[in-house]
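Asks: If you scroll down you'll find the structure; I have some questions about it.
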Amino acid sequence: MKRIHLQRVAKTSLVLGFGFFILSASAADSGKPSNYPVKPVRVVVGFAAGGATDIVGRIVAQKLTEVLGQSFVVENRPGASATIAAELVAHAPADGYTLLIAATTTHSILPSLMPKLGYDPLRDFAPISLVATTPLLLAVHPSLPIRSVKEMMALAKKAPGQLSFGAGGTGTPPHMAGELFKQMASVNMLYVPYKGEAPAISDLIGGQISLIFSNVIAVLPQVQSNRLRGIAVTSQERLATLTQFPTVSESGLPGFVVEAWYGLVSTANTPPEVVARLNTELARVMKQTDVKERMAGQGLSVKTGSPSDMSALMQAEIAKWTKVVKTAGIKFEL
């Protein structure tokens, strides 16, 4: 009897053990949150290689690959102001294997400019973490008698509509910064759209337009060579590497802050465990010295936080730019 009992116990243990093996293998194959990631992860970028969004995406992908033991592969899906990439991730499986480098344009500005946008930035995505921010640099043509924000406002009020500002596309942070400046300073300036930031800077150097709110890295060389005059940065505080430039807020227009931001998001309903793990690991790697140095080299400041922090940022930014768009009556079609 005892022998028969032991045989039954052995058989039961074997069956249970085999069942556990099958369940474990199944969990691994399906990428359950407990062992995420078990296969390569796509990091979708809505712009071509080489731009700020792409650079952020590649740094994030490289570092997550190093710490999580699976490949995080950047996939560039440029076009339609990055809405193609955003829609792709919005409709991807909610398993954490398709991520997006979200940005100010796709998740803060376009929702108010495009009523028929193919995604909802708040409803269709699971925020993971903010990654980096960057201010803009206000620069003017050297021939203008402008050396401060106050002088710029005074000249704009003295000659309504005579000052013009360029931007590399309607709905971009530089364009919206100009519109916000007009509204907060109660001045009238002419907006001139360009197909890219480089042509706008080129025309500013040539004197075809008066001023620009531009990506710091893009316009700083022209300022340093005295072909343009830097006036102020649009961040909350002065940049540690460019303390010679005051903020717009401190030098004549209190409360004016425009910072382009970049963050990591997944599809809505991604398992909380996956979001939490990505958030934790991202916060850890973004503190590394080499990451901060690479970001700083592109005019970016590392800024991370909780998923709820990022959600709150998007809500505040959407409300901010919706008001600007409505006040200015901006119309935009892809």
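In the structure tokens, chains take letters A, B, ... by order of appearance, with residues numbered from 1 within each chain and ligands from 1 in the order shown.
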Please, which residues of region 35-98 of chain A, numbered as in this document, come out strand (DSSP E) from DSSP, as a ChimeraX atom specification?

Replies: /A:41-45,72-76,98

Asks: Next, dump the selected residues to file, keeping only N, CA and C atoms, as an mmCIF file, in the first residue's frame.

Replies:
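Output contents, as saved in out07.cif:
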```cif
data_model
loop_
_atom_site.group_PDB
_atom_site.id
_atom_site.type_symbol
_atom_site.label_atom_id
_atom_site.label_comp_id
_atom_site.auth_asym_id
_atom_site.auth_seq_id
_atom_site.Cartn_x
_atom_site.Cartn_y
_atom_site.Cartn_z
ATOM 1 N N VAL A 41 11.578 45.105 -28.526
ATOM 2 C CA VAL A 41 10.577 46.158 -28.349
ATOM 3 C C VAL A 41 10.811 47.246 -29.394
ATOM 4 N N ARG A 42 9.733 47.675 -30.050
ATOM 5 C CA ARG A 42 9.838 48.767 -31.027
ATOM 6 C C ARG A 42 9.712 50.109 -30.322
ATOM 7 N N VAL A 43 10.602 51.044 -30.658
ATOM 8 C CA VAL A 43 10.505 52.413 -30.156
ATOM 9 C C VAL A 43 10.259 53.286 -31.387
ATOM 10 N N VAL A 44 9.021 53.692 -31.593
ATOM 11 C CA VAL A 44 8.634 54.406 -32.799
ATOM 12 C C VAL A 44 8.926 55.902 -32.653
ATOM 13 N N VAL A 45 9.535 56.461 -33.687
ATOM 14 C CA VAL A 45 9.868 57.893 -33.728
ATOM 15 C C VAL A 45 9.176 58.500 -34.947
ATOM 16 N N PHE A 72 15.762 47.041 -27.824
ATOM 17 C CA PHE A 72 14.794 48.117 -28.039
ATOM 18 C C PHE A 72 15.227 48.787 -29.341
ATOM 19 N N VAL A 73 14.418 48.620 -30.372
ATOM 20 C CA VAL A 73 14.815 49.007 -31.728
ATOM 21 C C VAL A 73 14.052 50.246 -32.188
ATOM 22 N N VAL A 74 14.794 51.285 -32.566
ATOM 23 C CA VAL A 74 14.171 52.512 -33.064
ATOM 24 C C VAL A 74 13.615 52.285 -34.455
ATOM 25 N N GLU A 75 12.381 52.711 -34.648
ATOM 26 C CA GLU A 75 11.719 52.582 -35.944
ATOM 27 C C GLU A 75 11.211 53.969 -36.358
ATOM 28 N N ASN A 76 11.857 54.565 -37.341
ATOM 29 C CA ASN A 76 11.452 55.898 -37.807
ATOM 30 C C ASN A 76 10.244 55.806 -38.722
ATOM 31 N N THR A 98 5.355 47.995 -28.237
ATOM 32 C CA THR A 98 5.389 49.081 -29.211
ATOM 33 C C THR A 98 5.288 50.388 -28.433
#
```

Asks: Any idea what's packed within 8 Å of region 199-205 of chain A, counting only C-alpha atoms, ignoring anything in its chain fewer than 2 positions away? Could you give it as a compact mmCIF listing (two decimals) with C-alpha atoms, in the first residue's frame?

Replies:
```txt
# COMPACT_ATOMS: atom_id res chain seq x y z
CA VAL A 140 16.86 88.78 -33.93
CA HIS A 141 18.61 90.25 -36.94
CA GLY A 166 9.61 82.66 -38.89
CA ALA A 167 9.16 79.02 -37.89
CA GLY A 168 9.73 75.68 -39.54
CA PRO A 193 5.94 79.73 -42.22
CA TYR A 194 8.86 77.73 -43.60
CA LYS A 195 9.42 74.11 -44.55
CA GLY A 196 12.00 73.52 -41.86
CA GLU A 197 13.95 75.48 -39.31
CA GLY A 207 17.17 90.03 -43.22
CA GLN A 208 13.97 88.70 -44.85
CA ILE A 209 12.37 88.25 -41.42
CA SER A 210 12.95 90.06 -38.12
CA LEU A 211 13.26 87.38 -35.47
CA ILE A 212 12.84 83.74 -34.57
CA VAL A 219 20.51 78.90 -33.91
CA ARG A 227 25.32 86.87 -37.61
CA LEU A 228 22.31 86.95 -35.27
```

Asks: Pick the closest to Val302 (chain A) from A:Gly263, A:Pro93, A:Pro160, A:Pro271: which is it, counting only C-alpha atoms?

Replies: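 Residue with the minimum atom-to-atom distance to Val302 (chain A): A:Gly263.
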
Asks: At a cut-off of 6 Å, can you tabulate as JSON lines every residue of region 259-311 of chain A near region 128-135 of chain A together with its closest atom pair and the distance in Å to one decimal, using only C-alpha atoms and ordering rows by chain then number?

Replies:
```
{"residue": "A:Glu259", "atom": "CA", "partner": "A:Pro135", "partner_atom": "CA", "distance": 4.4}
{"residue": "A:Ala260", "atom": "CA", "partner": "A:Thr134", "partner_atom": "CA", "distance": 5.3}
{"residue": "A:Trp261", "atom": "CA", "partner": "A:Thr133", "partner_atom": "CA", "distance": 4.2}
{"residue": "A:Tyr262", "atom": "CA", "partner": "A:Ala132", "partner_atom": "CA", "distance": 5.3}
{"residue": "A:Gly263", "atom": "CA", "partner": "A:Leu130", "partner_atom": "CA", "distance": 4.1}
{"residue": "A:Leu264", "atom": "CA", "partner": "A:Ser129", "partner_atom": "CA", "distance": 5.5}
{"residue": "A:Val265", "atom": "CA", "partner": "A:Ile128", "partner_atom": "CA", "distance": 5.1}
{"residue": "A:Val275", "atom": "CA", "partner": "A:Ile128", "partner_atom": "CA", "distance": 5.7}
{"residue": "A:Asn279", "atom": "CA", "partner": "A:Ile128", "partner_atom": "CA", "distance": 5.5}
{"residue": "A:Leu300", "atom": "CA", "partner": "A:Thr134", "partner_atom": "CA", "distance": 4.9}
{"residue": "A:Ser301", "atom": "CA", "partner": "A:Ala132", "partner_atom": "CA", "distance": 5.3}
{"residue": "A:Val302", "atom": "CA", "partner": "A:Ala132", "partner_atom": "CA", "distance": 4.4}
{"residue": "A:Lys303", "atom": "CA", "partner": "A:Ala132", "partner_atom": "CA", "distance": 4.8}
{"residue": "A:Thr304", "atom": "CA", "partner": "A:Leu130", "partner_atom": "CA", "distance": 4.7}
{"residue": "A:Gly305", "atom": "CA", "partner": "A:Ser129", "partner_atom": "CA", "distance": 5.6}
{"residue": "A:Ser306", "atom": "CA", "partner": "A:Ser129", "partner_atom": "CA", "distance": 5.8}
{"residue": "A:Pro307", "atom": "CA", "partner": "A:Ile128", "partner_atom": "CA", "distance": 4.8}
{"residue": "A:Met310", "atom": "CA", "partner": "A:Leu130", "partner_atom": "CA", "distance": 5.7}
```

Asks: Mind writing the picked residues with C-alpha atoms as a JSON list (two decimals), in the first residue's frame?

Replies:
```
[["chain", "number", "residue", "atom", "x", "y", "z"],
["A", 259, "GLU", "CA", 9.75, 74.26, -23.40],
["A", 260, "ALA", "CA", 9.55, 71.53, -25.97],
["A", 261, "TRP", "CA", 9.35, 68.15, -24.24],
["A", 262, "TYR", "CA", 9.94, 64.51, -25.14],
["A", 263, "GLY", "CA", 8.52, 61.49, -23.33],
["A", 264, "LEU", "CA", 8.01, 57.75, -23.59],
["A", 265, "VAL", "CA", 4.49, 56.35, -23.94],
["A", 275, "VAL", "CA", 4.67, 50.67, -17.30],
["A", 279, "ASN", "CA", 9.47, 53.94, -15.66],
["A", 300, "LEU", "CA", 18.33, 68.96, -24.00],
["A", 301, "SER", "CA", 17.90, 68.70, -20.24],
["A", 302, "VAL", "CA", 17.11, 65.31, -18.74],
["A", 303, "LYS", "CA", 13.82, 65.34, -16.86],
["A", 304, "THR", "CA", 12.01, 62.22, -15.71],
["A", 305, "GLY", "CA", 9.06, 61.56, -13.40],
["A", 306, "SER", "CA", 6.11, 59.32, -12.73],
["A", 307, "PRO", "CA", 3.48, 58.36, -15.32],
["A", 310, "MET", "CA", 3.64, 63.07, -17.49]]
```

Asks: Between CA of Leu138 (chain A) and CA of Leu190 (chain A), what is the distance, to one decimal in Å?

Replies: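 Separating CA of Leu138 (chain A) from CA of Leu190 (chain A) is a distance of 15.5 Å.
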
Asks: Could you please determine the separation between CA of Ile109 (chain A) and CA of Ala92 (chain A) in Å, to one decimal place?

Replies: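 Between these atoms lies a distance of 22.5 Å.
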
Asks: Can you check which residues of region 47-281 of chain A DSSP gives as alpha helix (DSSP H) on the backbone and send them as a PyMOL selection string?

Replies: chain A and resi 52-68+83-90+104+110-113+149-158+173-185+197-205+216-224+272-281

Asks: With only C-alpha atoms as the atoms that count, which of A:Thr267, A:Gln315, A:Thr172, A:Asn226 lies nearest to Ile101 (chain A)?

Replies: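 Distance minimum relative to Ile101 (chain A) lands on A:Thr267.
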
Asks: Which of these residues is nearest to Ala94 (chain A), using only C-alpha atoms: A:Val274, A:Leu68, A:Val223, A:Ala218?

Replies: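 Counting only C-alpha atoms, the residue closest to Ala94 (chain A) is A:Val274.
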
Asks: Please determine, counting only C-alpha atoms, which residue among A:Leu137, A:Met114, A:Leu278, A:Ala312 has the shortest atom-to-atom distance to Pro246 (chain A).

Replies: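 The shortest atom-to-atom distance to Pro246 (chain A) comes from A:Leu137.
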
Asks: Quick one: pull the distance between CA of Leu163 (chain A) and CA of Leu180 (chain A), Å, one decimal.

Replies: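 For CA of Leu163 (chain A) relative to CA of Leu180 (chain A), the distance reads 15.1 Å.
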
Asks: For region 233-284 of chain A against region 151-155 of chain A, with a cut-off of 12 Å and counting only C-alpha atoms, what is the closest atom pair and its distance in Å to one decimal for every residue that makes the cut, ordered by chain and number, as CSV?

Replies:
```
residue,atom,partner,partner_atom,distance
A:Val248,CA,A:Met152,CA,10.9
A:Ser251,CA,A:Glu151,CA,10.0
A:Gly252,CA,A:Met153,CA,8.4
A:Leu253,CA,A:Met153,CA,9.1
```

Asks: Measuring atom to atom with only C-alpha atoms, identify which of A:Gly230, A:Gly57, A:Pro111, A:Gly118 is nearest to Gly171 (chain A).

Replies: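 Checking each of A:Gly230, A:Gly57, A:Pro111, A:Gly118 against Gly171 (chain A), counting only C-alpha atoms, the winner is A:Pro111.
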
Asks: Using only C-alpha atoms, which residue out of A:Thr170, A:Phe165, A:Ser249, A:Thr65 lies closest to Leu113 (chain A)?

Replies: A:Thr170
